[in-house]
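One file, start.cif, is given below (mmCIF, C-alpha atoms).
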data_coords
loop_
_atom_site.label_atom_id
_atom_site.label_comp_id
_atom_site.auth_asym_id
_atom_site.auth_seq_id
_atom_site.Cartn_x
_atom_site.Cartn_y
_atom_site.Cartn_z
CA ASP W 1 110.06 57.94 73.34
CA ALA W 2 110.88 60.48 76.04
CA LYS W 3 108.71 60.06 79.10
CA THR W 4 108.63 63.78 79.86
CA THR W 5 107.14 66.84 78.18
CA GLN W 6 108.42 70.38 78.48
CA PRO W 7 107.41 73.63 76.79
CA PRO W 8 109.81 74.43 73.95
CA SER W 9 110.97 77.76 75.34
CA MET W 10 110.64 80.28 78.15
CA ASP W 11 111.94 83.77 78.89
CA CYS W 12 112.93 85.16 82.25
CA ALA W 13 114.21 88.52 83.46
CA GLU W 14 117.66 88.64 85.00
CA GLY W 15 117.52 88.51 88.78
CA ARG W 16 114.07 86.99 88.89
CA ALA W 17 113.23 83.39 89.71
CA ALA W 18 112.93 81.07 86.73
CA ASN W 19 110.36 78.30 87.16
CA LEU W 20 110.82 75.54 84.58
CA PRO W 21 107.94 73.04 84.34
CA CYS W 22 108.05 69.38 83.37
CA ASN W 23 105.29 66.82 83.00
CA HIS W 24 105.98 63.14 83.62
CA SER W 25 102.50 61.72 84.04
CA THR W 26 103.57 58.10 83.43
CA ILE W 27 106.41 58.09 85.94
CA SER W 28 106.62 54.93 88.00
CA GLY W 29 107.33 54.63 91.68
CA ASN W 30 110.92 53.56 91.11
CA GLU W 31 111.91 56.42 88.81
CA TYR W 32 113.76 59.59 89.68
CA VAL W 33 113.29 62.96 88.03
CA TYR W 34 116.59 64.40 86.79
CA TRP W 35 117.38 67.82 85.41
CA TYR W 36 120.30 68.72 83.16
CA ARG W 37 121.18 71.82 81.22
CA GLN W 38 123.20 72.37 78.06
CA ILE W 39 124.90 75.62 77.25
CA HIS W 40 125.50 76.11 73.56
CA SER W 41 127.88 73.58 71.98
CA GLN W 42 128.85 71.98 75.28
CA GLY W 43 127.95 68.69 76.91
CA PRO W 44 124.89 68.71 79.20
CA GLN W 45 125.57 69.36 82.87
CA TYR W 46 123.76 67.70 85.77
CA ILE W 47 121.72 70.07 87.94
CA ILE W 48 119.62 68.13 90.43
CA HIS W 49 117.46 65.05 90.88
CA GLY W 50 114.71 63.85 93.20
CA LEU W 51 112.30 61.04 93.90
CA LYS W 52 109.36 62.50 95.78
CA ASN W 53 110.66 65.05 98.24
CA ASN W 54 111.65 68.55 97.26
CA GLU W 55 115.38 68.97 96.78
CA THR W 56 117.72 71.95 96.88
CA ASN W 57 121.38 72.37 96.05
CA GLU W 58 123.68 75.25 95.25
CA MET W 59 122.38 75.47 91.70
CA ALA W 60 118.62 75.05 91.96
CA SER W 61 115.55 73.71 93.75
CA LEU W 62 113.35 70.89 92.54
CA ILE W 63 109.69 70.78 93.48
CA ILE W 64 107.87 67.50 92.74
CA THR W 65 104.10 67.36 93.04
CA GLU W 66 102.59 64.96 95.53
CA ASP W 67 101.28 62.68 92.75
CA ARG W 68 104.75 62.88 91.12
CA LYS W 69 103.23 63.58 87.71
CA SER W 70 104.97 66.90 87.30
CA SER W 71 107.87 68.88 88.67
CA THR W 72 109.32 72.38 88.59
CA LEU W 73 112.97 73.36 88.50
CA ILE W 74 113.53 76.69 90.19
CA LEU W 75 116.54 78.91 89.54
CA PRO W 76 116.05 81.43 92.36
CA HIS W 77 117.93 84.38 90.87
CA ALA W 78 118.44 83.82 87.16
CA THR W 79 121.54 85.28 85.54
CA LEU W 80 122.47 85.66 81.90
CA ARG W 81 124.71 82.60 82.27
CA ASP W 82 121.64 80.49 83.00
CA THR W 83 120.54 80.88 79.38
CA ALA W 84 120.61 77.28 78.15
CA VAL W 85 118.53 74.29 77.09
CA TYR W 86 117.14 72.46 80.11
CA TYR W 87 116.31 68.76 80.00
CA CYS W 88 113.96 66.98 82.37
CA ILE W 89 114.26 63.17 82.26
CA VAL W 90 113.17 60.20 84.35
CA ARG W 91 115.48 57.38 85.35
CA PHE W 92 115.10 54.15 87.24
CA THR W 93 116.33 54.29 90.81
CA ILE W 94 117.79 50.86 90.22
CA THR W 95 118.02 49.31 86.75
CA PRO W 96 115.86 46.17 86.62
CA GLN W 97 117.84 42.96 87.01
CA GLY W 98 119.24 41.96 83.63
CA GLY W 99 117.82 45.08 82.07
CA SER W 100 119.39 48.10 80.49
CA GLU W 101 118.69 51.79 80.76
CA LYS W 102 118.11 53.71 77.56
CA LEU W 103 118.61 57.24 78.98
CA VAL W 104 116.42 59.27 76.63
CA PHE W 105 116.67 63.07 76.74
CA GLY W 106 114.21 64.49 74.25
CA LYS W 107 114.21 68.09 73.01
CA GLY W 108 114.38 69.98 76.27
CA MET W 109 113.33 73.59 76.88
CA LYS W 110 115.26 76.71 75.87
CA LEU W 111 115.46 79.22 78.72
CA THR W 112 116.49 82.73 77.73
CA VAL W 113 117.40 85.10 80.54
CA ASN W 114 117.01 88.70 79.43
CA PRO W 115 118.89 91.69 80.90
CA ASP P 1 140.73 64.27 87.69
CA GLY P 2 138.06 61.81 86.65
CA GLY P 3 136.05 62.59 83.58
CA ILE P 4 134.87 61.69 80.13
CA THR P 5 136.85 62.80 77.12
CA GLN P 6 135.80 63.05 73.52
CA SER P 7 138.24 63.64 70.75
CA PRO P 8 138.71 65.43 68.51
CA LYS P 9 136.55 68.49 69.19
CA TYR P 10 136.19 69.26 65.48
CA LEU P 11 136.43 66.72 62.67
CA PHE P 12 136.16 67.14 58.93
CA ARG P 13 135.73 64.27 56.50
CA LYS P 14 134.97 63.79 52.87
CA GLU P 15 131.67 62.28 51.90
CA GLY P 16 131.81 58.51 51.59
CA GLN P 17 134.54 58.02 54.20
CA ASN P 18 134.04 56.22 57.47
CA VAL P 19 135.11 58.16 60.55
CA THR P 20 135.55 57.07 64.16
CA LEU P 21 134.83 59.32 67.12
CA SER P 22 136.61 58.60 70.37
CA CYS P 23 135.05 58.51 73.84
CA GLU P 24 137.08 57.59 76.91
CA GLN P 25 136.12 57.72 80.58
CA ASN P 26 138.08 57.08 83.78
CA LEU P 27 135.09 57.22 86.11
CA ASN P 28 134.74 53.42 86.32
CA HIS P 29 131.27 53.77 84.84
CA ASP P 30 129.60 50.70 83.40
CA ALA P 31 127.18 52.32 80.98
CA MET P 32 128.10 54.52 78.05
CA TYR P 33 125.95 56.32 75.50
CA TRP P 34 126.24 58.11 72.16
CA TYR P 35 123.91 60.91 71.13
CA ARG P 36 123.52 63.01 68.05
CA GLN P 37 122.39 66.63 68.17
CA ASP P 38 121.33 68.72 65.19
CA PRO P 39 120.86 72.52 65.30
CA GLY P 40 117.92 73.47 67.49
CA GLN P 41 117.22 69.85 68.31
CA GLY P 42 117.52 67.81 71.45
CA LEU P 43 119.64 64.74 72.02
CA ARG P 44 118.84 61.62 70.02
CA LEU P 45 120.21 58.31 71.22
CA ILE P 46 122.37 56.40 68.72
CA TYR P 47 123.79 53.44 70.68
CA TYR P 48 124.30 52.52 74.30
CA SER P 49 126.25 49.93 76.19
CA GLN P 50 125.72 48.66 79.72
CA ILE P 51 128.70 46.32 79.98
CA VAL P 52 131.82 45.37 78.06
CA ASN P 53 131.24 43.46 74.82
CA ASP P 54 127.54 44.31 74.78
CA PHE P 55 125.64 47.21 73.26
CA GLN P 56 122.15 48.07 72.06
CA LYS P 57 120.76 50.21 69.27
CA GLY P 58 119.19 53.49 70.23
CA ASP P 59 116.58 55.40 68.28
CA ILE P 60 118.74 56.37 65.29
CA ALA P 61 121.36 53.61 64.93
CA GLU P 62 121.25 53.28 61.14
CA GLY P 63 124.55 54.24 59.54
CA TYR P 64 126.49 53.99 62.81
CA SER P 65 128.48 51.25 64.52
CA VAL P 66 130.11 50.92 67.95
CA SER P 67 132.33 48.61 69.92
CA ARG P 68 132.88 48.14 73.65
CA GLU P 69 136.05 46.12 74.06
CA LYS P 70 137.11 47.97 77.20
CA LYS P 71 135.08 49.45 80.03
CA GLU P 72 136.75 52.81 79.55
CA SER P 73 136.19 53.18 75.82
CA PHE P 74 133.15 53.35 73.54
CA PRO P 75 134.15 54.52 70.05
CA LEU P 76 131.50 55.45 67.50
CA THR P 77 132.03 54.90 63.78
CA VAL P 78 130.01 57.02 61.40
CA THR P 79 129.83 54.96 58.23
CA SER P 80 129.29 56.01 54.65
CA ALA P 81 125.76 54.61 54.98
CA GLN P 82 124.78 57.48 57.26
CA LYS P 83 122.98 59.88 54.91
CA ASN P 84 123.36 63.07 56.96
CA PRO P 85 126.44 62.63 59.16
CA THR P 86 127.16 66.32 59.79
CA ALA P 87 126.13 66.91 63.40
CA PHE P 88 127.30 67.42 66.98
CA TYR P 89 128.00 64.10 68.72
CA LEU P 90 127.93 63.66 72.48
CA CYS P 91 129.11 60.75 74.59
CA ALA P 92 127.91 60.10 78.14
CA SER P 93 128.58 57.60 80.90
CA THR P 94 126.98 56.58 84.17
CA TYR P 95 126.93 53.77 86.69
CA ARG P 96 124.70 50.86 85.79
CA GLY P 97 122.18 49.58 88.23
CA LEU P 98 122.05 52.37 90.77
CA SER P 99 120.76 55.69 89.51
CA THR P 100 123.39 58.39 89.62
CA GLU P 101 124.09 61.40 87.47
CA ALA P 102 125.33 60.89 83.94
CA PHE P 103 128.49 62.67 82.86
CA PHE P 104 128.91 64.04 79.36
CA GLY P 105 131.92 64.73 77.23
CA GLN P 106 132.32 68.10 75.52
CA GLY P 107 131.26 66.73 72.17
CA THR P 108 132.69 66.29 68.69
CA ARG P 109 131.42 68.43 65.84
CA LEU P 110 131.62 66.39 62.66
CA THR P 111 131.41 68.09 59.29
CA VAL P 112 131.23 66.02 56.14
CA VAL P 113 131.99 67.84 52.92
#
Just give me the structure of the file as C-alpha coordinates.
Amino acid sequence: DAKTTQPPSMDCAEGRAANLPCNHSTISGNEYVYWYRQIHSQGPQYIIHGLKNNETNEMASLIITEDRKSSTLILPHATLRDTAVYYCIVRFTITPQGGSEKLVFGKGMKLTVNP
Amino acid sequence: DGGITQSPKYLFRKEGQNVTLSCEQNLNHDAMYWYRQDPGQGLRLIYYSQIVNDFQKGDIAEGYSVSREKKESFPLTVTSAQKNPTAFYLCASTYRGLSTEAFFGQGTRLTVV
(Lines of atoms letter the chains of each structure in order from A and count residues from 1; the text may use other names and numbers.)
(Lines give C-alpha, C1' and ligand atoms only; values in the text may rest on other atoms or scores of the structure.)
Protein backbone atom coordinates (compact mmCIF):
# COMPACT_ATOMS: atom_id res chain seq x y z
CA ASP A 1 0.00 0.00 0.00
CA ALA A 2 2.67 2.47 -1.10
CA LYS A 3 1.33 6.00 -1.36
CA THR A 4 3.56 6.89 -4.30
CA THR A 5 3.81 5.81 -7.92
CA GLN A 6 6.93 5.89 -10.05
CA PRO A 7 7.66 4.67 -13.59
CA PRO A 8 9.45 1.31 -13.46
CA SER A 9 12.56 2.46 -15.28
CA MET A 10 14.33 5.35 -16.98
CA ASP A 11 17.53 5.84 -18.98
CA CYS A 12 19.79 8.86 -18.93
CA ALA A 13 23.00 9.80 -20.74
CA GLU A 14 26.10 10.32 -18.65
CA GLY A 15 26.69 13.99 -17.91
CA ARG A 16 23.10 14.99 -18.54
CA ALA A 17 20.53 15.86 -15.90
CA ALA A 18 18.35 12.99 -14.73
CA ASN A 19 14.80 14.00 -13.79
CA LEU A 20 13.05 11.29 -11.79
CA PRO A 21 9.28 11.75 -11.37
CA CYS A 22 7.05 10.64 -8.52
CA ASN A 23 3.32 10.95 -8.00
CA HIS A 24 1.87 11.21 -4.50
CA SER A 25 -1.62 12.51 -5.16
CA THR A 26 -2.99 11.49 -1.74
CA ILE A 27 -0.24 13.12 0.29
CA SER A 28 -1.48 14.91 3.38
CA GLY A 29 -0.34 18.23 4.71
CA ASN A 30 1.77 16.66 7.44
CA GLU A 31 3.73 14.29 5.21
CA TYR A 32 7.20 14.74 3.80
CA VAL A 33 8.44 13.42 0.47
CA TYR A 34 11.63 11.37 0.88
CA TRP A 35 13.95 9.97 -1.75
CA TYR A 36 16.32 7.03 -1.32
CA ARG A 37 18.41 5.05 -3.74
CA GLN A 38 19.68 1.49 -3.69
CA ILE A 39 22.74 0.37 -5.56
CA HIS A 40 22.74 -3.32 -6.34
CA SER A 41 22.84 -5.60 -3.28
CA GLN A 42 23.36 -2.76 -0.81
CA GLY A 43 21.08 -1.08 1.69
CA PRO A 44 19.14 1.97 0.44
CA GLN A 45 20.79 5.33 0.98
CA TYR A 46 18.99 8.55 1.90
CA ILE A 47 19.19 11.29 -0.74
CA ILE A 48 16.92 14.19 0.18
CA HIS A 49 13.52 15.09 1.59
CA GLY A 50 11.13 18.03 1.51
CA LEU A 51 7.74 19.25 2.63
CA LYS A 52 6.64 21.93 0.18
CA ASN A 53 9.65 24.03 -0.72
CA ASN A 54 12.25 22.96 -3.21
CA GLU A 55 15.34 21.48 -1.61
CA THR A 56 18.94 21.05 -2.74
CA ASN A 57 21.90 19.26 -1.24
CA GLU A 58 25.22 17.98 -2.49
CA MET A 59 23.60 14.93 -4.06
CA ALA A 60 20.43 16.20 -5.72
CA SER A 61 17.60 18.71 -5.96
CA LEU A 62 13.98 18.05 -5.10
CA ILE A 63 11.22 19.96 -6.83
CA ILE A 64 7.74 19.62 -5.29
CA THR A 65 4.73 20.94 -7.18
CA GLU A 66 2.65 23.65 -5.57
CA ASP A 67 -0.26 21.26 -4.95
CA ARG A 68 2.26 18.74 -3.53
CA LYS A 69 0.78 15.92 -5.58
CA SER A 70 3.99 15.17 -7.42
CA SER A 71 7.70 15.77 -7.19
CA THR A 72 10.85 15.43 -9.26
CA LEU A 73 14.28 14.37 -8.09
CA ILE A 74 17.00 15.97 -10.18
CA LEU A 75 20.53 14.60 -10.47
CA PRO A 76 22.16 17.55 -12.26
CA HIS A 77 25.05 15.72 -13.92
CA ALA A 78 24.38 11.99 -13.89
CA THR A 79 27.34 9.64 -13.69
CA LEU A 80 27.56 5.90 -14.20
CA ARG A 81 27.64 5.52 -10.40
CA ASP A 82 24.14 6.98 -10.22
CA THR A 83 22.76 3.82 -11.82
CA ALA A 84 20.49 2.48 -9.09
CA VAL A 85 16.90 1.91 -7.99
CA TYR A 86 15.36 5.13 -6.68
CA TYR A 87 12.54 5.10 -4.13
CA CYS A 88 10.14 7.95 -3.51
CA ILE A 89 8.16 7.62 -0.26
CA VAL A 90 6.01 9.81 1.96
CA ARG A 91 6.41 10.01 5.71
CA PHE A 92 4.62 11.81 8.50
CA THR A 93 6.40 14.90 9.74
CA ILE A 94 5.46 13.79 13.22
CA THR A 95 4.05 10.34 13.95
CA PRO A 96 0.50 10.69 15.31
CA GLN A 97 0.29 10.38 19.08
CA GLY A 98 0.13 6.72 20.02
CA GLY A 99 0.49 5.73 16.40
CA SER A 100 3.15 3.91 14.49
CA GLU A 101 4.79 4.51 11.15
CA LYS A 102 4.78 1.67 8.66
CA LEU A 103 7.51 3.03 6.33
CA VAL A 104 6.46 1.46 3.02
CA PHE A 105 8.88 1.65 0.08
CA GLY A 106 7.25 -0.01 -2.90
CA LYS A 107 9.07 -1.06 -6.06
CA GLY A 108 10.96 2.10 -6.89
CA MET A 109 12.34 3.12 -10.29
CA LYS A 110 15.46 1.74 -11.98
CA LEU A 111 17.64 4.52 -13.37
CA THR A 112 20.29 3.43 -15.87
CA VAL A 113 22.95 5.97 -16.76
CA ASN A 114 24.49 5.16 -20.13
CA PRO A 115 28.00 6.17 -21.26
CA ASP B 1 30.83 5.57 14.34
CA GLY B 2 27.08 5.21 14.68
CA GLY B 3 25.32 2.85 12.36
CA ILE B 4 23.17 -0.17 11.79
CA THR B 5 24.77 -3.57 11.39
CA GLN B 6 23.34 -6.73 9.94
CA SER B 7 25.06 -10.04 10.25
CA PRO B 8 25.99 -12.25 8.62
CA LYS B 9 26.20 -10.87 5.08
CA TYR B 10 25.61 -14.31 3.54
CA LEU B 11 23.75 -17.17 5.21
CA PHE B 12 23.03 -20.67 4.01
CA ARG B 13 20.53 -23.00 5.65
CA LYS B 14 18.92 -26.30 4.94
CA GLU B 15 15.24 -26.38 4.18
CA GLY B 16 13.11 -26.87 7.27
CA GLN B 17 15.52 -25.14 9.66
CA ASN B 18 14.75 -21.93 11.47
CA VAL B 19 17.34 -19.19 11.07
CA THR B 20 17.79 -15.88 12.89
CA LEU B 21 19.12 -12.75 11.22
CA SER B 22 20.78 -10.15 13.41
CA CYS B 23 20.19 -6.39 13.29
CA GLU B 24 21.89 -4.04 15.73
CA GLN B 25 21.96 -0.24 15.80
CA ASN B 26 23.79 2.26 18.00
CA LEU B 27 21.97 5.33 16.70
CA ASN B 28 19.55 5.48 19.65
CA HIS B 29 16.71 5.03 17.18
CA ASP B 30 13.32 3.98 18.51
CA ALA B 31 11.85 2.40 15.40
CA MET B 32 13.26 -0.59 13.55
CA TYR B 33 12.07 -2.38 10.42
CA TRP B 34 12.66 -5.59 8.48
CA TYR B 35 12.22 -5.82 4.72
CA ARG B 36 12.49 -8.59 2.21
CA GLN B 37 13.72 -8.02 -1.33
CA ASP B 38 13.48 -10.51 -4.19
CA PRO B 39 15.32 -10.12 -7.52
CA GLY B 40 13.99 -7.17 -9.48
CA GLN B 41 11.51 -6.33 -6.76
CA GLY B 42 11.21 -3.48 -4.33
CA LEU B 43 11.23 -3.64 -0.56
CA ARG B 44 8.39 -5.47 1.16
CA LEU B 45 7.81 -4.82 4.85
CA ILE B 46 7.90 -7.89 7.11
CA TYR B 47 7.73 -6.52 10.67
CA TYR B 48 8.33 -3.22 12.39
CA SER B 49 8.77 -2.04 15.93
CA GLN B 50 8.33 1.44 17.34
CA ILE B 51 9.38 0.77 20.93
CA VAL B 52 10.92 -1.97 23.05
CA ASN B 53 8.69 -5.00 23.66
CA ASP B 54 6.25 -3.98 20.95
CA PHE B 55 6.11 -4.80 17.25
CA GLN B 56 3.60 -4.95 14.42
CA LYS B 57 3.17 -7.16 11.37
CA GLY B 58 4.02 -5.68 8.03
CA ASP B 59 2.66 -6.76 4.67
CA ILE B 60 4.32 -10.19 4.50
CA ALA B 61 4.73 -11.36 8.10
CA GLU B 62 3.67 -14.99 7.59
CA GLY B 63 6.52 -17.39 8.31
CA TYR B 64 8.57 -14.80 10.19
CA SER B 65 8.91 -13.81 13.84
CA VAL B 66 10.71 -10.99 15.65
CA SER B 67 11.53 -9.79 19.13
CA ARG B 68 12.46 -6.38 20.52
CA GLU B 69 13.88 -6.95 23.98
CA LYS B 70 16.43 -4.15 23.65
CA LYS B 71 16.25 -0.82 21.88
CA GLU B 72 19.42 -1.61 19.95
CA SER B 73 18.42 -5.01 18.63
CA PHE B 74 15.65 -6.36 16.40
CA PRO B 75 16.41 -9.94 15.33
CA LEU B 76 14.33 -11.62 12.63
CA THR B 77 13.67 -15.36 12.66
CA VAL B 78 12.82 -17.01 9.37
CA THR B 79 10.84 -20.08 10.35
CA SER B 80 10.30 -23.33 8.52
CA ALA B 81 6.77 -22.10 7.80
CA GLN B 82 8.11 -19.52 5.35
CA LYS B 83 7.59 -21.18 1.97
CA ASN B 84 10.15 -19.19 -0.03
CA PRO B 85 12.78 -17.95 2.42
CA THR B 86 15.60 -17.40 -0.07
CA ALA B 87 15.86 -13.62 -0.43
CA PHE B 88 17.81 -10.48 0.47
CA TYR B 89 16.80 -9.14 3.90
CA LEU B 90 17.26 -5.52 4.94
CA CYS B 91 16.95 -3.94 8.35
CA ALA B 92 16.34 -0.23 8.91
CA SER B 93 15.99 2.14 11.84
CA THR B 94 14.80 5.68 12.42
CA TYR B 95 13.65 8.00 15.17
CA ARG B 96 10.03 7.64 16.15
CA GLY B 97 7.79 10.62 16.29
CA LEU B 98 9.81 13.21 14.42
CA SER B 99 10.45 12.49 10.77
CA THR B 100 14.11 11.98 10.02
CA GLU B 101 15.97 9.84 7.54
CA ALA B 102 15.93 6.09 7.97
CA PHE B 103 19.24 4.25 8.04
CA PHE B 104 19.65 0.83 6.48
CA GLY B 105 22.00 -2.03 7.15
CA GLN B 106 23.91 -3.64 4.30
CA GLY B 107 21.60 -6.62 4.19
CA THR B 108 21.77 -10.38 4.67
CA ARG B 109 21.42 -12.68 1.69
CA LEU B 110 19.76 -15.87 2.86
CA THR B 111 19.89 -18.97 0.70
CA VAL B 112 17.92 -22.03 1.70
CA VAL B 113 18.91 -25.27 0.01
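Restricting the calculation to only C-alpha atoms, the smallest distance between W:Ser9 and any of P:Val52, P:Leu90, P:Pro8, P:Gly40 is found for P:Gly40.
From atom CA of W:Gly108 back to atom CA of P:Gln82, the distance works out to 25.0 Å.
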Chain and number of each residue from the PyMOL selection byres ((chain W) within 12 of (chain P)), as a PyMOL selection string: chain W and resi 1-2+6+8-9+30-51+84-110
Hits from the PyMOL selection byres ((chain W and resi 58) around 10), listed as number ranges by chain: W: 47-48, 56-57, 59-61, 75
Separation of atom CA of W:Ile63 from atom CA of W:Ala17 in Å: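 Straight-line distance from atom CA of W:Ala17 to atom CA of W:Ile63 works out to 13.6 Å.
Look at P:Ser73: the protein and nucleic acid residues within 8 Å of it, using all atoms listed in the file and passing over chain neighbours fewer than 6 places away, are Ser22, Cys23, Glu24 and Gln25 of chain P.
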Picked residues, the PyMOL selection byres ((chain P and resi 84) around 10), expected as a list in words: Glu15, Gly63, Ser80, Ala81, Gln82, Lys83, Pro85, Thr86, Ala87, Thr111 and Val112 of chain P
